[in-house]
Structures are given as C-alpha cells and as structure tokens.
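See below for the structure under consideration.
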Amino acid sequence: MEKFSAKRRGRAAAAAIFIRHCPFFLYVLLIPLLFAVWSLLLHFTHLPSPPPPNDRCANRYIYIHNLPSRFNTDLLRNCRSLSQWTDMCLFLSNSGLGPPLPASSIFPSSTWYSTNQFSLDLIFHHRVNRYPCLTRNSSLASAVFVPFYAGLDISRHLWSGPEAGNVSVRDSSLHDLTRWLTSRPEWAVMGGRDHFFVAGRITWDFRRLSDGESDWGSKLLLLPAVANMTALLIESSPWHTNDMAIPYPTYFHPSTDADVTTWQERVIRRRRPFLFSFAGAPRPNRTDDIRGRLTDQCRGSKRCGLLECGPSVSRCHSPESVMKLFESSEFCLQPQGDSYTRRSAFDAMVAGCIPVFFHPGSAYVQYFWHLPKNYSSYSVFIPEKEVREGKVKVEDILLKFGEEKMRAMREQVVRLIPRLVYGDPRGKMESVKDAFDVAVEEVIKRVERRRRRMDDRRTDQMRRRWSVDDDEEEESWQFYLGGKGKHEWDYFFSSASM
C-alpha cells in the first residue's frame, strides 16, 4: 500500500512538473513547426499567382497603380509651368512625342517627331498603357508600374520661381507619393522591390544631398521607400543600384516593323562625306571640358563637319540640321554634356553614325540593357585626358580605322537602332523590340532576382544583408561590368574626378 502510494505521489509530482513547465516544452516543440509554416508563407506570398496554362503572358504581367491625378495628369494640365524657356505643352502633345516633323529628304516618313529629350515620363506611360500583358489582379503581376511623372514634377522647381528655393515644396509631392504607395497592399508583398517608375531626367536631379535653398534637385532617389524601387532614368549613377539608365528619346518613333527596317536600310547605304563631325557648344565655365579643343580640331580639318551651338544659334535645336550632319558622318564625337551623357549620342546612332566617347560614364557604364558590353564593336573610346592635354589628334586616331572595320562597326550600330528608339505608342510592332520592350523585360528579370533573394532569406543575418539591396551599393558600375576590383576606368570615377 505504501509502495503504491509512493508511485502515485511520484506520478503526481512528475505531472505537476510537466504542467508547470508545459509552456516551455510546447514552445520548444512548436518552434520548428512554426518556422516551417512561416517560411512557406513567406515563399508563397512573394510569388505571383500562377497564370493559367498556355498563358502567353505568363511571368510577364504588369500591374499599374491608379495614382491620384496630382502625380501625373495634373502636371500636364499645368504644362506651362514645366519649363521656363520651353513650351512643354507643345512637346508633350502626341503622347509625349511632340509635333510631327514635316516630310523631307531627311525625314522621308511620318515616323519623325520634334521630341523633347525630357519627355520620357509621358512616352513610357503611354507605352505601358498599351503593353499587351497588363493585369488588374496584382497577385498575377511580375512587376508593378508607378506612373509618377517624376521628371516633369521636378522640372517645375529646378530654376527660378517662387518655389525653386523652397526644398519643402520641391519634396512635398515625393513624400505624398511614398505615403500613398506604402499604404497599399501591393507594396507589402515585397516592400516595393517589385515596383518601378520612369523619371525622364538625369539621376543628379533627384539626389540632393542637403537642404540649402541653392542646392539642386530633389531627394527622390534618397528616400528609403524609393531606394527599394527601380527608377529608370536617362542617366544613372555609377555608384548606386536603385536607378538604371535607359535611352534618351530621339526623333524617330516607328509604328511598324517595316518602319524600322526601311530606316536601317537607308542609313546603312548612306554616303558619308565627313570622316567625323561634332555638334555642340564649349563649356567655358568648366575647366575639365574638352569641347573647345574638339571644336578647334574640327575647324582645322577638311574631313570634319561642325554644327556650332550656343544661345544665339538655333540650328542645334533643328532636328533636320542635326540628323543631316550625323547621316553625313562616319564618326560622331560625343564628349560629356552638362552631365556624363548626351541625347546627341542616340541621335547619332539612329543616323548610323559611329559614336566616339571620351568618358566611360557617357555610355559604357550607363546603358547596360541596351548597348553591348563589348563597346569597341560599335564605338571608339578616346580618354578625355589625352585630348585635354593635347596628346592626341582625333582625326589621326579615326584615320587608322580602315573601310572594312568602319563598315563592321556601322553595321553593329544599325543593328542596335531598334533597341535605342521608342516606338509610337499608337502603333504596333510585331517582332521588333524597341527600347521600351528591352527595359520592361529587364525590369521583370531584376524583380525576379530580388524575389528569389527574398525567398532565400532565412536568418536575421540574411535580412541585414538584404537591406543593402541587390548588389554592392558603391561602385555599382564595376558590378555590372563583371565584379568589383581594380579596373582601368577607376580614375574616371574617383572622388577627385567628380
């Protein structure tokens, strides 16, 4: 009886201990199960809903946010305020293509428009609206488009005017936008890492580092929420990863495949009396500028065509004058503009002219999606330092290219033309991929890489690594060219050269 009572007391004590510590045991047992469930939920919430079988748009769907009109169409209604010197109302007509150019020997078809170089916000939005794989179901989307006209928005505040010096006014729409976006359920899926937008200006217009009244631009690309998104600009930063460069808009906007092939056949056969040409104006206020030297070299050569630009010269704003010069030239000189890049480089390549670059930031570390990595296949590179110091004569370098080499380079340039132009949003190209098509495909690939990385995220350490974003934030140009390390172009991007 005593033995039986002792056993009962032992069992009771064990039961009491178990009950007392039950939460601990359950916690230990449930941790792996809860972690597995959480991992599965994380995985499936980051995957778009599977499309129906045989869906031609599988993994290509785009969802467009229905933004309040103050972020886009209201800017068009107030187009007079978008530029102090240019009638942007005129240039934003025809879906952003601008007024049609009259037919001429230079522009033989109706596919040419007087397109402003800063009108890409509107052009791209109209193209997205005609994209064949749009969806109203965001769970199907491979990427989410934000139709914010960032370039037009900041253009109101870049120069004189009562609001130009007021940084809170300049940034007010940006904060409104991010509040709106981050409150949406679509944002929560990937924290905005599947979102993209177009800002048809250069990156430096959106990277204001301080808040002085004389400081340039806005802080758009520095906002934490925007750092998660992909910004498509006409010039990106070599040091950051949340922006990607896509081509400047040119005057050529084909509507059909035939428009493209007809133009390619024309420029490949074109007689080119000038060995090289230059269209531009010196920048006397910049000590590192080489435009003055290039102008002098061109003036001193019978083989060079020169189109001198300046405040009092209107020919440089004439599409016909510019394209006539480029069509007549074997090589077109493309030094830096007000920033690394120039719209002129794309006008020249559309004309079948081989570009000559003097800084890798003008093309080679910019348009990774649209231009070949092998830059010598379609262009010539002459370090600007050698021109500045008078060590080289451009004509002598270009004369070393024989007819066969020039022909091969021009053929490559002509093959690139479709990837460098934006088709008319009202047209329909069946098999030709233009600059828009290339950009959208690459955005979707970029989002998919990000999605996979988020799916692979399992520990706090990996979460912290993710916060740095896709790749190395510093020296991103090196990453895209094959990884970090010493590179022959390092001195172009050192702090001393900035």
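Just remember, in the structure tokens the first chain shown is A, the second B, etc., residues are 1-based per chain, and ligands are 1-based in the order shown.
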All strand (DSSP E) residues (DSSP, backbone) inside stretch 300-480 of chain A, as a PyMOL selection string = chain A and resi 304-308+329-334+354-357+380-381
Mind dumping the selected residues with all heavy atoms as a tab-separated table (two decimals), in the first residue's frame?
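See again05.tsv below for the written result:
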```tsv
chain	number	residue	atom	x	y	z
A	304	CYS	N	36.01	67.17	-91.30
A	304	CYS	CA	35.09	67.27	-90.17
A	304	CYS	C	33.91	68.19	-90.49
A	304	CYS	O	34.09	69.27	-91.08
A	304	CYS	CB	35.82	67.78	-88.93
A	304	CYS	SG	34.79	67.81	-87.43
A	305	GLY	N	32.73	67.77	-90.07
A	305	GLY	CA	31.54	68.61	-90.16
A	305	GLY	C	31.23	69.18	-88.79
A	305	GLY	O	31.17	68.45	-87.81
A	306	LEU	N	31.02	70.48	-88.71
A	306	LEU	CA	30.83	71.15	-87.42
A	306	LEU	C	29.49	71.85	-87.38
A	306	LEU	O	29.13	72.60	-88.30
A	306	LEU	CB	31.95	72.16	-87.19
A	306	LEU	CG	31.90	72.96	-85.88
A	306	LEU	CD1	32.03	72.03	-84.68
A	306	LEU	CD2	33.01	74.02	-85.87
A	307	LEU	N	28.75	71.62	-86.31
A	307	LEU	CA	27.50	72.32	-86.05
A	307	LEU	C	27.66	73.00	-84.71
A	307	LEU	O	27.54	72.38	-83.65
A	307	LEU	CB	26.32	71.34	-86.03
A	307	LEU	CG	24.92	71.94	-85.94
A	307	LEU	CD1	24.62	72.84	-87.14
A	307	LEU	CD2	23.88	70.84	-85.84
A	308	GLU	N	28.02	74.29	-84.76
A	308	GLU	CA	28.29	75.02	-83.52
A	308	GLU	C	26.98	75.46	-82.88
A	308	GLU	O	26.08	75.99	-83.53
A	308	GLU	CB	29.17	76.23	-83.81
A	308	GLU	CG	30.57	75.86	-84.28
A	308	GLU	CD	31.49	77.05	-84.33
A	308	GLU	OE1	31.91	77.52	-83.26
A	308	GLU	OE2	31.79	77.50	-85.45
A	329	SER	N	28.17	61.62	-91.66
A	329	SER	CA	29.44	61.42	-90.95
A	329	SER	C	29.69	59.95	-90.65
A	329	SER	O	28.76	59.21	-90.30
A	329	SER	CB	29.43	62.21	-89.63
A	329	SER	OG	29.06	63.55	-89.84
A	330	GLU	N	30.96	59.56	-90.78
A	330	GLU	CA	31.35	58.20	-90.39
A	330	GLU	C	31.36	58.07	-88.86
A	330	GLU	O	30.86	57.11	-88.30
A	330	GLU	CB	32.75	57.88	-90.94
A	330	GLU	CG	32.89	57.94	-92.44
A	330	GLU	CD	32.36	56.70	-93.12
A	330	GLU	OE1	31.81	55.82	-92.44
A	330	GLU	OE2	32.50	56.61	-94.36
A	331	PHE	N	31.97	59.07	-88.19
A	331	PHE	CA	32.09	59.08	-86.74
A	331	PHE	C	31.47	60.37	-86.20
A	331	PHE	O	31.59	61.42	-86.83
A	331	PHE	CB	33.55	59.02	-86.30
A	331	PHE	CG	34.28	57.76	-86.70
A	331	PHE	CD1	35.02	57.71	-87.88
A	331	PHE	CD2	34.23	56.62	-85.90
A	331	PHE	CE1	35.70	56.57	-88.25
A	331	PHE	CE2	34.91	55.46	-86.27
A	331	PHE	CZ	35.63	55.43	-87.45
A	332	CYS	N	30.84	60.27	-85.02
A	332	CYS	CA	30.26	61.45	-84.37
A	332	CYS	C	30.85	61.59	-82.98
A	332	CYS	O	30.76	60.66	-82.16
A	332	CYS	CB	28.74	61.32	-84.28
A	332	CYS	SG	27.90	61.36	-85.88
A	333	LEU	N	31.46	62.74	-82.70
A	333	LEU	CA	32.12	62.97	-81.42
A	333	LEU	C	31.08	63.23	-80.33
A	333	LEU	O	30.20	64.07	-80.50
A	333	LEU	CB	33.08	64.16	-81.52
A	333	LEU	CG	34.10	64.11	-82.67
A	333	LEU	CD1	35.09	65.27	-82.55
A	333	LEU	CD2	34.84	62.78	-82.71
A	334	GLN	N	31.22	62.52	-79.22
A	334	GLN	CA	30.26	62.62	-78.13
A	334	GLN	C	30.97	62.83	-76.79
A	334	GLN	O	31.06	61.92	-75.96
A	334	GLN	CB	29.39	61.35	-78.08
A	334	GLN	CG	28.60	61.06	-79.33
A	334	GLN	CD	27.58	62.16	-79.65
A	334	GLN	OE1	27.15	62.89	-78.76
A	334	GLN	NE2	27.20	62.27	-80.91
A	354	ILE	N	28.93	56.20	-86.13
A	354	ILE	CA	29.67	55.52	-85.08
A	354	ILE	C	30.05	56.53	-84.00
A	354	ILE	O	30.75	57.51	-84.28
A	354	ILE	CB	30.95	54.87	-85.64
A	354	ILE	CG1	30.59	53.88	-86.76
A	354	ILE	CG2	31.74	54.17	-84.54
A	354	ILE	CD1	31.78	53.49	-87.63
A	355	PRO	N	29.60	56.34	-82.75
A	355	PRO	CA	29.89	57.33	-81.72
A	355	PRO	C	31.33	57.23	-81.22
A	355	PRO	O	31.90	56.14	-81.14
A	355	PRO	CB	28.90	56.98	-80.60
A	355	PRO	CG	28.67	55.51	-80.77
A	355	PRO	CD	28.74	55.25	-82.26
A	356	VAL	N	31.91	58.39	-80.89
A	356	VAL	CA	33.24	58.46	-80.29
A	356	VAL	C	33.05	59.04	-78.89
A	356	VAL	O	32.66	60.20	-78.74
A	356	VAL	CB	34.20	59.34	-81.11
A	356	VAL	CG1	35.57	59.38	-80.45
A	356	VAL	CG2	34.30	58.85	-82.54
A	357	PHE	N	33.32	58.23	-77.87
A	357	PHE	CA	33.14	58.67	-76.48
A	357	PHE	C	34.49	58.98	-75.85
A	357	PHE	O	35.52	58.40	-76.22
A	357	PHE	CB	32.42	57.59	-75.67
A	357	PHE	CG	31.01	57.32	-76.13
A	357	PHE	CD1	30.68	56.11	-76.73
A	357	PHE	CD2	30.02	58.27	-75.96
A	357	PHE	CE1	29.38	55.86	-77.15
A	357	PHE	CE2	28.72	58.03	-76.38
A	357	PHE	CZ	28.40	56.81	-76.99
A	380	VAL	N	34.11	54.14	-80.56
A	380	VAL	CA	35.53	54.42	-80.35
A	380	VAL	C	35.66	55.12	-79.00
A	380	VAL	O	34.84	56.00	-78.67
A	380	VAL	CB	36.09	55.32	-81.46
A	380	VAL	CG1	37.56	55.68	-81.19
A	380	VAL	CG2	35.96	54.63	-82.81
A	381	PHE	N	36.67	54.75	-78.23
A	381	PHE	CA	36.90	55.40	-76.94
A	381	PHE	C	38.26	56.07	-76.94
A	381	PHE	O	39.29	55.43	-77.21
A	381	PHE	CB	36.83	54.37	-75.81
A	381	PHE	CG	37.08	54.97	-74.45
A	381	PHE	CD1	36.26	55.97	-73.96
A	381	PHE	CD2	38.14	54.54	-73.66
A	381	PHE	CE1	36.47	56.53	-72.71
A	381	PHE	CE2	38.37	55.09	-72.40
A	381	PHE	CZ	37.54	56.09	-71.93
```
A:Gln297 environment, 12 Å, only C-alpha atoms, sequence neighbours closer than 2 positions dropped, as a ChimeraX atom specification = /A:276-278,290-295,299-306,333,387-388,390,392-396
request  = Please provide the set of residues having any atom within 8 Å of stretch 134-151 of chain A, restricted to only C-alpha atoms, with same-chain residues fewer than 5 positions apart removed, written as a PyMOL selection string.
outcome  = chain A and resi 48-51+59-67+71-72+75+118+121-122+125+129+186+194-201+443-444+447-448
Each stretch 183-297 of chain A residue no farther than 7 Å from stretch 414-429 of chain A, nearest pair in Å, only C-alpha atoms, as a tab-separated table:
```
residue	atom	partner	partner_atom	distance
A:Pro247	CA	A:Leu420	CA	5.9
A:Pro249	CA	A:Val421	CA	6.5
A:Thr250	CA	A:Val421	CA	6.4
A:Phe252	CA	A:Val421	CA	6.6
A:His253	CA	A:Gly423	CA	4.5
A:Pro254	CA	A:Gly423	CA	4.8
A:Ser255	CA	A:Gly427	CA	4.2
A:Thr256	CA	A:Met429	CA	4.5
A:Asp257	CA	A:Met429	CA	5.2
A:Val260	CA	A:Pro418	CA	6.8
A:Gln264	CA	A:Val414	CA	6.0
A:Ile268	CA	A:Val414	CA	7.0
```
key: Nearest residue to A:Arg271 from the set A:Leu220, A:Ala351, A:Cys298, A:Leu233 (distances using only C-alpha atoms)   =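 Ranked by minimum distance to A:Arg271, first place goes to A:Ala351.
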task = Identify, on the basis of only C-alpha atoms, every residue whose closest approach to A:Tyr340 does not exceed 8 Å; exclude the query and any residue fewer than 2 positions from it along the same chain; express the result as an NGL selection string.
result = :A and (235 or 336-338 or 342 or 359 or 361-362)
Take the residues that were just selected and, keeping all heavy atoms, output them as a JSON list (two decimals), in the first residue's frame.
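Listing of part_36.json after writing:
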```json
[["chain", "number", "residue", "atom", "x", "y", "z"],
["A", 235, "GLU", "N", 19.91, 59.00, -67.38],
["A", 235, "GLU", "CA", 21.29, 58.84, -66.94],
["A", 235, "GLU", "C", 21.26, 58.37, -65.49],
["A", 235, "GLU", "O", 20.56, 58.95, -64.66],
["A", 235, "GLU", "CB", 22.07, 60.17, -67.02],
["A", 235, "GLU", "CG", 23.49, 60.05, -66.48],
["A", 235, "GLU", "CD", 24.28, 61.35, -66.59],
["A", 235, "GLU", "OE1", 24.16, 62.02, -67.64],
["A", 235, "GLU", "OE2", 25.00, 61.72, -65.64],
["A", 336, "GLN", "N", 31.30, 64.59, -72.94],
["A", 336, "GLN", "CA", 30.28, 64.76, -71.91],
["A", 336, "GLN", "C", 29.43, 66.00, -72.20],
["A", 336, "GLN", "O", 29.91, 66.98, -72.80],
["A", 336, "GLN", "CB", 30.93, 64.94, -70.54],
["A", 336, "GLN", "CG", 31.70, 63.74, -70.03],
["A", 336, "GLN", "CD", 32.20, 63.97, -68.62],
["A", 336, "GLN", "OE1", 31.41, 64.02, -67.67],
["A", 336, "GLN", "NE2", 33.50, 64.11, -68.48],
["A", 337, "GLY", "N", 28.16, 65.95, -71.78],
["A", 337, "GLY", "CA", 27.31, 67.12, -71.88],
["A", 337, "GLY", "C", 27.36, 67.90, -70.58],
["A", 337, "GLY", "O", 28.43, 68.03, -69.96],
["A", 338, "ASP", "N", 26.22, 68.43, -70.12],
["A", 338, "ASP", "CA", 26.19, 69.08, -68.82],
["A", 338, "ASP", "C", 26.44, 68.04, -67.73],
["A", 338, "ASP", "O", 26.83, 68.38, -66.62],
["A", 338, "ASP", "CB", 24.84, 69.75, -68.61],
["A", 338, "ASP", "CG", 24.63, 70.92, -69.56],
["A", 338, "ASP", "OD1", 25.61, 71.63, -69.83],
["A", 338, "ASP", "OD2", 23.50, 71.10, -70.03],
["A", 342, "ARG", "N", 24.68, 62.51, -73.18],
["A", 342, "ARG", "CA", 24.07, 63.46, -74.11],
["A", 342, "ARG", "C", 23.01, 62.73, -74.92],
["A", 342, "ARG", "O", 23.21, 61.60, -75.33],
["A", 342, "ARG", "CB", 25.09, 64.02, -75.10],
["A", 342, "ARG", "CG", 26.29, 64.71, -74.54],
["A", 342, "ARG", "CD", 27.23, 65.10, -75.66],
["A", 342, "ARG", "NE", 26.79, 66.27, -76.41],
["A", 342, "ARG", "CZ", 27.14, 66.56, -77.65],
["A", 342, "ARG", "NH1", 27.90, 65.71, -78.33],
["A", 342, "ARG", "NH2", 26.71, 67.64, -78.25],
["A", 359, "HIS", "N", 34.53, 59.57, -72.23],
["A", 359, "HIS", "CA", 34.39, 59.23, -70.81],
["A", 359, "HIS", "C", 33.49, 58.00, -70.74],
["A", 359, "HIS", "O", 32.43, 57.96, -71.39],
["A", 359, "HIS", "CB", 33.76, 60.39, -70.04],
["A", 359, "HIS", "CG", 33.84, 60.25, -68.55],
["A", 359, "HIS", "ND1", 33.14, 59.28, -67.85],
["A", 359, "HIS", "CD2", 34.53, 60.97, -67.61],
["A", 359, "HIS", "CE1", 33.40, 59.42, -66.55],
["A", 359, "HIS", "NE2", 34.24, 60.42, -66.38],
["A", 361, "GLY", "N", 31.50, 57.11, -68.55],
["A", 361, "GLY", "CA", 30.20, 57.45, -67.99],
["A", 361, "GLY", "C", 29.21, 57.94, -69.02],
["A", 361, "GLY", "O", 28.02, 58.07, -68.73],
["A", 362, "SER", "N", 29.68, 58.22, -70.24],
["A", 362, "SER", "CA", 28.78, 58.72, -71.28],
["A", 362, "SER", "C", 27.94, 57.62, -71.91],
["A", 362, "SER", "O", 26.94, 57.91, -72.57],
["A", 362, "SER", "CB", 29.59, 59.43, -72.38],
["A", 362, "SER", "OG", 30.22, 60.58, -71.85]]
```
Counting only C-alpha atoms, which residues of stretch 320-366 of chain A fall within 8 Å of stretch 104-110 of chain A, and what is the closest atom pair for each with its distance in Å at one decimal, ordered by chain and rising number, as JSON lines?
```
{"residue": "A:Glu320", "atom": "CA", "partner": "A:Ile106", "partner_atom": "CA", "distance": 6.5}
{"residue": "A:Met323", "atom": "CA", "partner": "A:Ile106", "partner_atom": "CA", "distance": 7.2}
{"residue": "A:Lys324", "atom": "CA", "partner": "A:Ile106", "partner_atom": "CA", "distance": 6.4}
```
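The gap separating atom CA of A:Ile382 from atom CA of A:Ala345 is 15.0 Å, in Å to one decimal.
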remark   = Separating atom CA of A:Leu481 from atom CA of A:Gln117, to the nearest tenth of an Å, is a gap of 27.1 Å
key: From A:Gly352, A:Asp211, A:Ser81, A:Leu90, residue lying nearest A:Asn166 [only C-alpha atoms]   =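 Ranking A:Gly352, A:Asp211, A:Ser81, A:Leu90 by distance to A:Asn166, first place goes to A:Asp211.
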query = Of the candidates A:Arg80, A:Arg410, A:His487, A:Arg184, which shows the shortest atom-to-atom distance to A:Pro360, using only C-alpha atoms?
reply =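 Using only C-alpha atoms, A:Pro360 sits closest to A:His487.
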d(atom CA of A:Asn228, atom CA of A:Leu92) in Å = 29.4 Å
query = Where does DSSP see alpha helix (DSSP H) in stretch 141-344 of chain A, if you list the residues as a PyMOL selection string?
reply = chain A and resi 150-155+167-182+185-190+224-228+257-269+291-299+319-327+344
